[in-house]
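What follows is one structure encoded as structure tokens, with my remarks underneath.
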Amino acid sequence: MIFSLLVYAAPHSHQGAESAYRFAVACLAQGHSIHRVFFYGDGIHGASALAAPPQDEPNLPARWQALAQAHELDLVVCIAAAVRRGLLDANEARRYEKPGHNLHQGFELSGLGQLAEAAIVSDRMITFGA
Amino acid sequence: MIFSLLVYAAPHSHQGAESAYRFAVACLAQGHSIHRVFFYGDGIHGASALAAPPQDEPNLPARWQALAQAHELDLVVCIAAAVRRGLLDANEARRYEKPGHNLHQGFELSGLGQLAEAAIVSDRMITFGA
Amino acid sequence: MSTSKRFLVISRRPPYGSSHARDALDTALTTAVFEQPVSMLFLDDGVYQLLQAQQPAGIQQKNLGATLSALPMYDIDQLYVCDSALRSRGLSLDDCLLPVQLLDGNAIAQLIRNHDVVLSF
Amino acid sequence: MSTSKRFLVISRRPPYGSSHARDALDTALTTAVFEQPVSMLFLDDGVYQLLQAQQPAGIQQKNLGATLSALPMYDIDQLYVCDSALRSRGLSLDDCLLPVQLLDGNAIAQLIRNHDVVLSF
Amino acid sequence: MTLHTLNRAPSDTALLTDCLRACSSGDTLLLIEDGVYCALAEQPIAWPAGVNVCALTADVAARGLDSRLASSISQVDDADFVQLCCEHARVISWY
Amino acid sequence: MTLHTLNRAPSDTALLTDCLRACSSGDTLLLIEDGVYCALAEQPIAWPAGVNVCALTADVAARGLDSRLASSISQVDDADFVQLCCEHARVISWY
């Protein structure tokens, strides 16, 4: 089956961020495919390139990236939610004249339409909330 | 009187972030002083240098910085909460070998002890939660 | 994207205190722009979003009620409210800023079965 | 910092679902390191933090119960629990991983009046 | 005496119960953010005796509740909030 | 048929009520994260007839609830969670 995930919880604040990752791993292990993981609301912080969690806590952005590389899944961050909260790629940093950018490699910023599209083309859409 | 504030809510996600700022303005307008504003938990996102909110939403990090400059108040961000969530200053970026830093000018990263110290030396400590 | 799915957006948080209500609304609007049929269901404190006379300028937020009023212009006219959520708050349809349909528990379960994708906020 | 204040940390969220419980605990521990007298009060779902046999390895989190057990070593031994929060969950002091004192509503109001700074999570 | 702030709607019954249980006579309870929904006349709450309950004006107006407040609840502005903090020995935030 | 997930303790009575009201016979309710506290034997909940209620093992273990679950509630692991998603036409997250 084709799954997509909506991640609405931030790592280190709400367990939903970690639950989503664990679900994705289980999903792929069973041979299903994941079309897209969409990060929305506070969930966008799960795509930070600058997160440096303690050694006994998982670095979710890095794990998502590795999972995406191994299984060709699409990691999309809601651009409107991200930009207002301070998560930028190089383009947005230029557009808003900010001194840097902090979107983790392997993620891309895009519109909320990518959530609707994911729900349309996937068999199941699962939300992990906060 | 001497006030200190604990901000535990993130801008654009919970109203507490904005309530805290409004309270601080009212406090100073009445001639009180604010010793420290301490950002903890998701509240640390209120110190992001990269936040680019829409024009009709306030840029709280910039407003806090302006307020701090005008009134000599101390803006301290819990370093442990910040680093795991991806908010770094230049020092921490070097320490964790991250490609950039995103702490807004006028804020400083420090330990949770600064919260205890603020409560000790202030007449009132007010929390704005999420 | 030739296929079409019936979307239901559930909104159960009050406006302004957190971004849930705004995010639910933006999701519904965007889905409608993608030409998918979208219904909205207001539960619990989500019914407070429908109150008239919201004036959020003093808390530096956009008027959510004004955006809600525009839903029919985006062809989102299937708007449902849990009637016990409304009644237990002492409110009625007259208090709502746009026309909505009242549903009881059984009708809510039925509504869910009639949709393909349910997104809740 | 010659003065000393009596701190009360209120913790009313369950462990693991969010960072509130951990943040409350870290705040209490840090305040104790600053040699301030600290009490902790567990209310509502916060009492679940006190349950024995927590095994959070499977959800990639640190054992909060283990940290709680260490509180007395940091001279945080004034630990209070709302007795109706405990009882309404079918729990008793025997279920708790460290010694705590039960308080009823009046005693909670009294406890608050006996502290200078109250931080809640 | 204590100033309590509460920022959640009364549907969070556990929070409201804890807050009211923690109030002593002479305390003040200030309803802020979504807490102002606790002030609705249509859904009257049994406030503890001797506790002064008020609601923050900006939050009342934002939510369209101006004409819906219970008559026993007064509205206060940001300056009053600061003043209430000064008049009470400590502040507890219920959230 | 619908799979419902619920991630809050039963103290969030409004969430639990909405979730149960939305269940049809044949639906499954999976308790995850803090939702597993709804599975405690000491605090039995009146589940709607015809709804299969289960709890996620990792979350039960994390919170020390292994020996405290109501007997009517089965534990499922992450693989089962995925399987449940496949077996139901849609998933609703109550949070």
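Chain labels A, B, ... are given in the sequence in which chains occur in the structure tokens; within each chain residues are numbered consecutively from 1, and ligands are likewise numbered from 1 in the order shown.
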
Please identify every residue of segment 30-57 of chain A that has at least one atom no farther than 8 Å from an atom of segment 10-25 of chain A, counting only C-alpha atoms, and for each give the shortest atom pair and the distance in Å to one decimal, arranged by chain then increasing number, as JSON lines.
{"residue": "A:Ile34", "atom": "CA", "partner": "A:Ala24", "partner_atom": "CA", "distance": 7.6}
{"residue": "A:Asp42", "atom": "CA", "partner": "A:Ala10", "partner_atom": "CA", "distance": 5.1}
{"residue": "A:Gly43", "atom": "CA", "partner": "A:Ala10", "partner_atom": "CA", "distance": 4.4}
{"residue": "A:Ile44", "atom": "CA", "partner": "A:Ala10", "partner_atom": "CA", "distance": 6.9}
{"residue": "A:His45", "atom": "CA", "partner": "A:Ala10", "partner_atom": "CA", "distance": 5.6}
{"residue": "A:Gly46", "atom": "CA", "partner": "A:Pro11", "partner_atom": "CA", "distance": 5.9}

Go ahead and save the picked residues with all heavy atoms, as a JSON list (two decimals), in the first residue's frame.
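out26.json was written with the following content:
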[["chain", "number", "residue", "atom", "x", "y", "z"],
["A", 34, "ILE", "N", 6.09, 4.65, 1.14],
["A", 34, "ILE", "CA", 5.65, 5.94, 1.68],
["A", 34, "ILE", "C", 5.85, 6.97, 0.59],
["A", 34, "ILE", "O", 6.98, 7.16, 0.11],
["A", 34, "ILE", "CB", 6.42, 6.31, 2.96],
["A", 34, "ILE", "CG1", 6.12, 5.28, 4.06],
["A", 34, "ILE", "CG2", 6.06, 7.71, 3.43],
["A", 34, "ILE", "CD1", 6.85, 5.53, 5.37],
["A", 42, "ASP", "N", 4.04, 22.84, 14.34],
["A", 42, "ASP", "CA", 5.32, 22.69, 15.05],
["A", 42, "ASP", "C", 6.13, 21.51, 14.53],
["A", 42, "ASP", "O", 7.33, 21.40, 14.82],
["A", 42, "ASP", "CB", 5.06, 22.47, 16.55],
["A", 42, "ASP", "CG", 4.78, 23.78, 17.25],
["A", 42, "ASP", "OD1", 5.09, 24.84, 16.69],
["A", 42, "ASP", "OD2", 4.26, 23.73, 18.37],
["A", 43, "GLY", "N", 5.49, 20.64, 13.77],
["A", 43, "GLY", "CA", 6.21, 19.50, 13.19],
["A", 43, "GLY", "C", 7.38, 19.92, 12.31],
["A", 43, "GLY", "O", 8.32, 19.14, 12.13],
["A", 44, "ILE", "N", 7.33, 21.15, 11.81],
["A", 44, "ILE", "CA", 8.40, 21.62, 10.90],
["A", 44, "ILE", "C", 9.77, 21.60, 11.57],
["A", 44, "ILE", "O", 10.79, 21.50, 10.90],
["A", 44, "ILE", "CB", 8.10, 23.02, 10.33],
["A", 44, "ILE", "CG1", 8.04, 24.08, 11.46],
["A", 44, "ILE", "CG2", 6.79, 23.04, 9.56],
["A", 44, "ILE", "CD1", 9.25, 24.91, 11.62],
["A", 45, "HIS", "N", 9.79, 21.69, 12.90],
["A", 45, "HIS", "CA", 11.09, 21.68, 13.58],
["A", 45, "HIS", "C", 11.80, 20.34, 13.44],
["A", 45, "HIS", "O", 13.00, 20.24, 13.71],
["A", 45, "HIS", "CB", 10.92, 22.05, 15.06],
["A", 45, "HIS", "CG", 10.44, 23.46, 15.26],
["A", 45, "HIS", "ND1", 11.17, 24.56, 14.84],
["A", 45, "HIS", "CD2", 9.30, 23.96, 15.82],
["A", 45, "HIS", "CE1", 10.50, 25.67, 15.13],
["A", 45, "HIS", "NE2", 9.37, 25.33, 15.72],
["A", 46, "GLY", "N", 11.09, 19.33, 13.01],
["A", 46, "GLY", "CA", 11.70, 18.03, 12.73],
["A", 46, "GLY", "C", 12.58, 18.03, 11.50],
["A", 46, "GLY", "O", 13.17, 17.00, 11.16]]

- Query: Given a cut-off of 8 Å, which residues of chain E touch chain F, counting only C-alpha atoms, written out as a list in words?
  - Reply: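 Selected residues: Ser11, Asp12, Thr13 and Ala14 of chain E.
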
For those residues, write all heavy atoms to a file as an mmCIF file, in the first residue's frame.
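Output below, filename selection31.cif:
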data_model
loop_
_atom_site.group_PDB
_atom_site.id
_atom_site.type_symbol
_atom_site.label_atom_id
_atom_site.label_comp_id
_atom_site.auth_asym_id
_atom_site.auth_seq_id
_atom_site.Cartn_x
_atom_site.Cartn_y
_atom_site.Cartn_z
ATOM 1 N N SER E 11 -13.384 23.245 28.993
ATOM 2 C CA SER E 11 -13.396 21.845 28.564
ATOM 3 C C SER E 11 -12.196 21.103 29.152
ATOM 4 O O SER E 11 -12.217 19.883 29.269
ATOM 5 C CB SER E 11 -13.354 21.756 27.035
ATOM 6 O OG SER E 11 -12.207 22.423 26.544
ATOM 7 N N ASP E 12 -11.149 21.826 29.523
ATOM 8 C CA ASP E 12 -10.042 21.208 30.261
ATOM 9 C C ASP E 12 -10.434 21.189 31.734
ATOM 10 O O ASP E 12 -9.956 21.971 32.550
ATOM 11 C CB ASP E 12 -8.744 21.992 30.040
ATOM 12 C CG ASP E 12 -7.515 21.214 30.514
ATOM 13 O OD1 ASP E 12 -7.663 20.320 31.387
ATOM 14 O OD2 ASP E 12 -6.411 21.497 30.033
ATOM 15 N N THR E 13 -11.350 20.275 32.051
ATOM 16 C CA THR E 13 -11.929 20.248 33.396
ATOM 17 C C THR E 13 -10.875 19.947 34.455
ATOM 18 O O THR E 13 -10.943 20.471 35.569
ATOM 19 C CB THR E 13 -13.043 19.176 33.488
ATOM 20 O OG1 THR E 13 -12.535 17.946 32.986
ATOM 21 C CG2 THR E 13 -14.247 19.581 32.674
ATOM 22 N N ALA E 14 -9.887 19.121 34.115
ATOM 23 C CA ALA E 14 -8.866 18.764 35.102
ATOM 24 C C ALA E 14 -8.041 19.991 35.489
ATOM 25 O O ALA E 14 -7.716 20.196 36.666
ATOM 26 C CB ALA E 14 -7.955 17.666 34.539
#

- Message: Give me, as a list in words, the residues of chain E touching chain C, with the criterion being at most 8 Å (counting only C-alpha atoms).
- Response: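 Filtering chain E at 8 Å from chain C with only C-alpha atoms gives Ala9, Ser11, Glu33, Asp34, Glu42, Gln43, Ala58, Asp59, Ala61, Ala62, Arg63, Gly64 and Leu65 of chain E.
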
- Could the residues of chain C within 8 Å of chain A, counting only C-alpha atoms, be given as a list in words, please?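 Taken together, these residues fit the definition: Met1, Thr3, Ser4, Lys5, Ser19, Asp23, Thr27, Thr30, Thr31, Phe34, Val117, Leu119, Ser120 and Phe121 of chain C.
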
- Task: Do me a favour and pick out the residues of chain A within 10 Å of chain B, using only C-alpha atoms, as an MDAnalysis selection string.
- Result: chainID A and resid 10:13 41:42 45:54 57:59 80:88 92:93 95:102

- Would you kindly return, as a PyMOL selection string, each protein, DNA or RNA residue with an atom no farther than 6 Å from any atom of Ala70 of chain F, considering only C-alpha atoms and excluding same-chain residues fewer than 4 positions away? chain F and resi 39-41

- Go through segment 25-116 of chain C and collect every residue that DSSP, computed from the backbone, puts in helix (DSSP H, G or I); the answer should be as a PyMOL selection string. chain C and resi 25-33+44-50+56-59+64-69+71-74+83-88+93-95+105-113

- Write out as a PyMOL selection string all residues of chain A that backbone DSSP assigns to strand (DSSP E or B). chain A and resi 2-7+14+33-39+48+74-78+103+107-110+124-128

Suppose we keep C-alpha atoms; can you now write the selection as a CSV table (one decimal), in the first residue's frame?
chain,number,residue,atom,x,y,z
A,2,ILE,CA,1.0,3.6,-0.4
A,3,PHE,CA,1.1,5.6,2.8
A,4,SER,CA,1.7,9.3,3.5
A,5,LEU,CA,2.2,10.8,6.9
A,6,LEU,CA,1.4,14.2,8.4
A,7,VAL,CA,3.7,15.2,11.2
A,14,HIS,CA,5.8,16.0,21.8
A,33,SER,CA,5.8,2.4,0.3
A,34,ILE,CA,5.6,5.9,1.7
A,35,HIS,CA,4.8,8.6,-0.9
A,36,ARG,CA,5.4,11.6,1.3
A,37,VAL,CA,6.0,12.8,4.9
A,38,PHE,CA,4.5,16.2,5.3
A,39,PHE,CA,5.7,18.4,8.2
A,48,SER,CA,16.1,21.4,11.4
A,74,ASP,CA,9.6,12.7,-0.2
A,75,LEU,CA,10.2,14.9,2.9
A,76,VAL,CA,8.1,18.1,2.4
A,77,VAL,CA,7.9,20.9,5.0
A,78,CYS,CA,5.0,23.4,4.8
A,103,LEU,CA,16.6,23.3,6.5
A,107,PHE,CA,13.9,18.0,3.0
A,108,GLU,CA,12.2,20.6,0.8
A,109,LEU,CA,9.9,23.5,1.5
A,110,SER,CA,6.7,23.6,-0.4
A,124,ARG,CA,-3.7,6.0,3.7
A,125,MET,CA,-2.8,9.3,5.3
A,126,ILE,CA,-1.8,9.1,9.0
A,127,THR,CA,-1.5,12.1,11.2
A,128,PHE,CA,0.9,12.3,14.2

- Can you pull out every residue within 10 Å of Asn114 of chain D, counting only C-alpha atoms, but drop anything in the same chain fewer than 6 positions away, and send it as a list in words?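 Within the cut-off, the hits are Arg6, Phe7, Leu8 and Ile108 of chain D.
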
Please list as an mmCIF file with all heavy atoms, in the first residue's frame every residue within 10 Å of Gly26 of chain E, counting only C-alpha atoms and excluding residues in the same chain fewer than 2 positions away.
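As written to disk, out.cif reads:
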data_model
loop_
_atom_site.group_PDB
_atom_site.id
_atom_site.type_symbol
_atom_site.label_atom_id
_atom_site.label_comp_id
_atom_site.auth_asym_id
_atom_site.auth_seq_id
_atom_site.Cartn_x
_atom_site.Cartn_y
_atom_site.Cartn_z
ATOM 1 N N MET E 1 -1.196 36.169 49.562
ATOM 2 C CA MET E 1 -2.243 35.988 48.569
ATOM 3 C C MET E 1 -1.627 35.714 47.196
ATOM 4 O O MET E 1 -0.548 36.193 46.866
ATOM 5 C CB MET E 1 -3.143 37.213 48.498
ATOM 6 C CG MET E 1 -4.454 36.940 49.223
ATOM 7 S SD MET E 1 -4.908 38.148 50.457
ATOM 8 C CE MET E 1 -4.905 39.663 49.537
ATOM 9 N N THR E 2 -2.343 34.966 46.392
ATOM 10 C CA THR E 2 -1.804 34.469 45.136
ATOM 11 C C THR E 2 -2.640 34.965 43.961
ATOM 12 O O THR E 2 -3.870 34.981 44.039
ATOM 13 C CB THR E 2 -1.795 32.921 45.142
ATOM 14 O OG1 THR E 2 -1.065 32.461 46.286
ATOM 15 C CG2 THR E 2 -1.185 32.360 43.883
ATOM 16 N N LEU E 3 -1.963 35.342 42.880
ATOM 17 C CA LEU E 3 -2.636 35.578 41.612
ATOM 18 C C LEU E 3 -2.497 34.316 40.779
ATOM 19 O O LEU E 3 -1.379 33.830 40.568
ATOM 20 C CB LEU E 3 -2.006 36.773 40.874
ATOM 21 C CG LEU E 3 -2.514 37.000 39.446
ATOM 22 C CD1 LEU E 3 -3.994 37.377 39.436
ATOM 23 C CD2 LEU E 3 -1.674 38.073 38.730
ATOM 24 N N CYS E 23 -6.873 27.534 45.012
ATOM 25 C CA CYS E 23 -7.185 28.916 45.401
ATOM 26 C C CYS E 23 -7.531 29.008 46.877
ATOM 27 O O CYS E 23 -8.273 28.173 47.407
ATOM 28 C CB CYS E 23 -8.382 29.433 44.594
ATOM 29 S SG CYS E 23 -7.984 29.878 42.890
ATOM 30 N N SER E 24 -7.021 30.042 47.526
ATOM 31 C CA SER E 24 -7.423 30.388 48.892
ATOM 32 C C SER E 24 -8.315 31.625 48.823
ATOM 33 O O SER E 24 -8.261 32.396 47.857
ATOM 34 C CB SER E 24 -6.195 30.728 49.738
ATOM 35 O OG SER E 24 -5.349 29.619 49.868
ATOM 36 N N THR E 28 -6.790 35.965 43.625
ATOM 37 C CA THR E 28 -7.428 36.438 42.395
ATOM 38 C C THR E 28 -7.133 35.451 41.276
ATOM 39 O O THR E 28 -6.021 34.926 41.176
ATOM 40 C CB THR E 28 -6.892 37.838 42.010
ATOM 41 O OG1 THR E 28 -7.229 38.753 43.051
ATOM 42 C CG2 THR E 28 -7.477 38.319 40.698
ATOM 43 N N LEU E 29 -8.144 35.196 40.460
ATOM 44 C CA LEU E 29 -7.975 34.345 39.287
ATOM 45 C C LEU E 29 -8.181 35.206 38.048
ATOM 46 O O LEU E 29 -9.265 35.777 37.852
ATOM 47 C CB LEU E 29 -8.994 33.191 39.315
ATOM 48 C CG LEU E 29 -9.111 32.358 38.036
ATOM 49 C CD1 LEU E 29 -7.771 31.782 37.598
ATOM 50 C CD2 LEU E 29 -10.131 31.235 38.216
ATOM 51 N N ALA E 49 -15.664 30.628 47.042
ATOM 52 C CA ALA E 49 -15.991 31.852 47.773
ATOM 53 C C ALA E 49 -14.718 32.639 48.085
ATOM 54 O O ALA E 49 -13.671 32.052 48.362
ATOM 55 C CB ALA E 49 -16.700 31.484 49.078
ATOM 56 N N GLY E 50 -14.816 33.954 47.972
ATOM 57 C CA GLY E 50 -13.687 34.798 48.351
ATOM 58 C C GLY E 50 -12.619 34.934 47.284
ATOM 59 O O GLY E 50 -11.589 35.570 47.510
ATOM 60 N N VAL E 51 -12.843 34.340 46.124
ATOM 61 C CA VAL E 51 -11.868 34.461 45.038
ATOM 62 C C VAL E 51 -12.402 35.444 44.001
ATOM 63 O O VAL E 51 -13.525 35.305 43.509
ATOM 64 C CB VAL E 51 -11.585 33.087 44.388
ATOM 65 C CG1 VAL E 51 -10.669 33.236 43.170
ATOM 66 C CG2 VAL E 51 -10.964 32.144 45.409
ATOM 67 N N ASN E 52 -11.604 36.433 43.703
ATOM 68 C CA ASN E 52 -11.959 37.445 42.722
ATOM 69 C C ASN E 52 -11.581 36.935 41.331
ATOM 70 O O ASN E 52 -10.428 36.615 41.087
ATOM 71 C CB ASN E 52 -11.184 38.737 43.051
ATOM 72 C CG ASN E 52 -11.343 39.800 41.991
ATOM 73 O OD1 ASN E 52 -12.407 39.940 41.400
ATOM 74 N ND2 ASN E 52 -10.259 40.527 41.720
ATOM 75 N N HIS E 88 -0.250 40.793 44.666
ATOM 76 C CA HIS E 88 -0.250 39.430 45.203
ATOM 77 C C HIS E 88 1.184 38.969 45.405
ATOM 78 O O HIS E 88 2.084 39.374 44.670
ATOM 79 C CB HIS E 88 -1.003 38.482 44.262
ATOM 80 C CG HIS E 88 -2.474 38.790 44.144
ATOM 81 N ND1 HIS E 88 -2.943 39.850 43.401
ATOM 82 C CD2 HIS E 88 -3.562 38.195 44.692
ATOM 83 C CE1 HIS E 88 -4.271 39.893 43.484
ATOM 84 N NE2 HIS E 88 -4.674 38.898 44.273
#

- Message: Could you work out which residues of chain F fall inside 12 Å of chain A? Count only C-alpha atoms, and format the result as an MDAnalysis selection string.
- Response: chainID F and resid 2:8 32:35 56 58:59 62 77:95
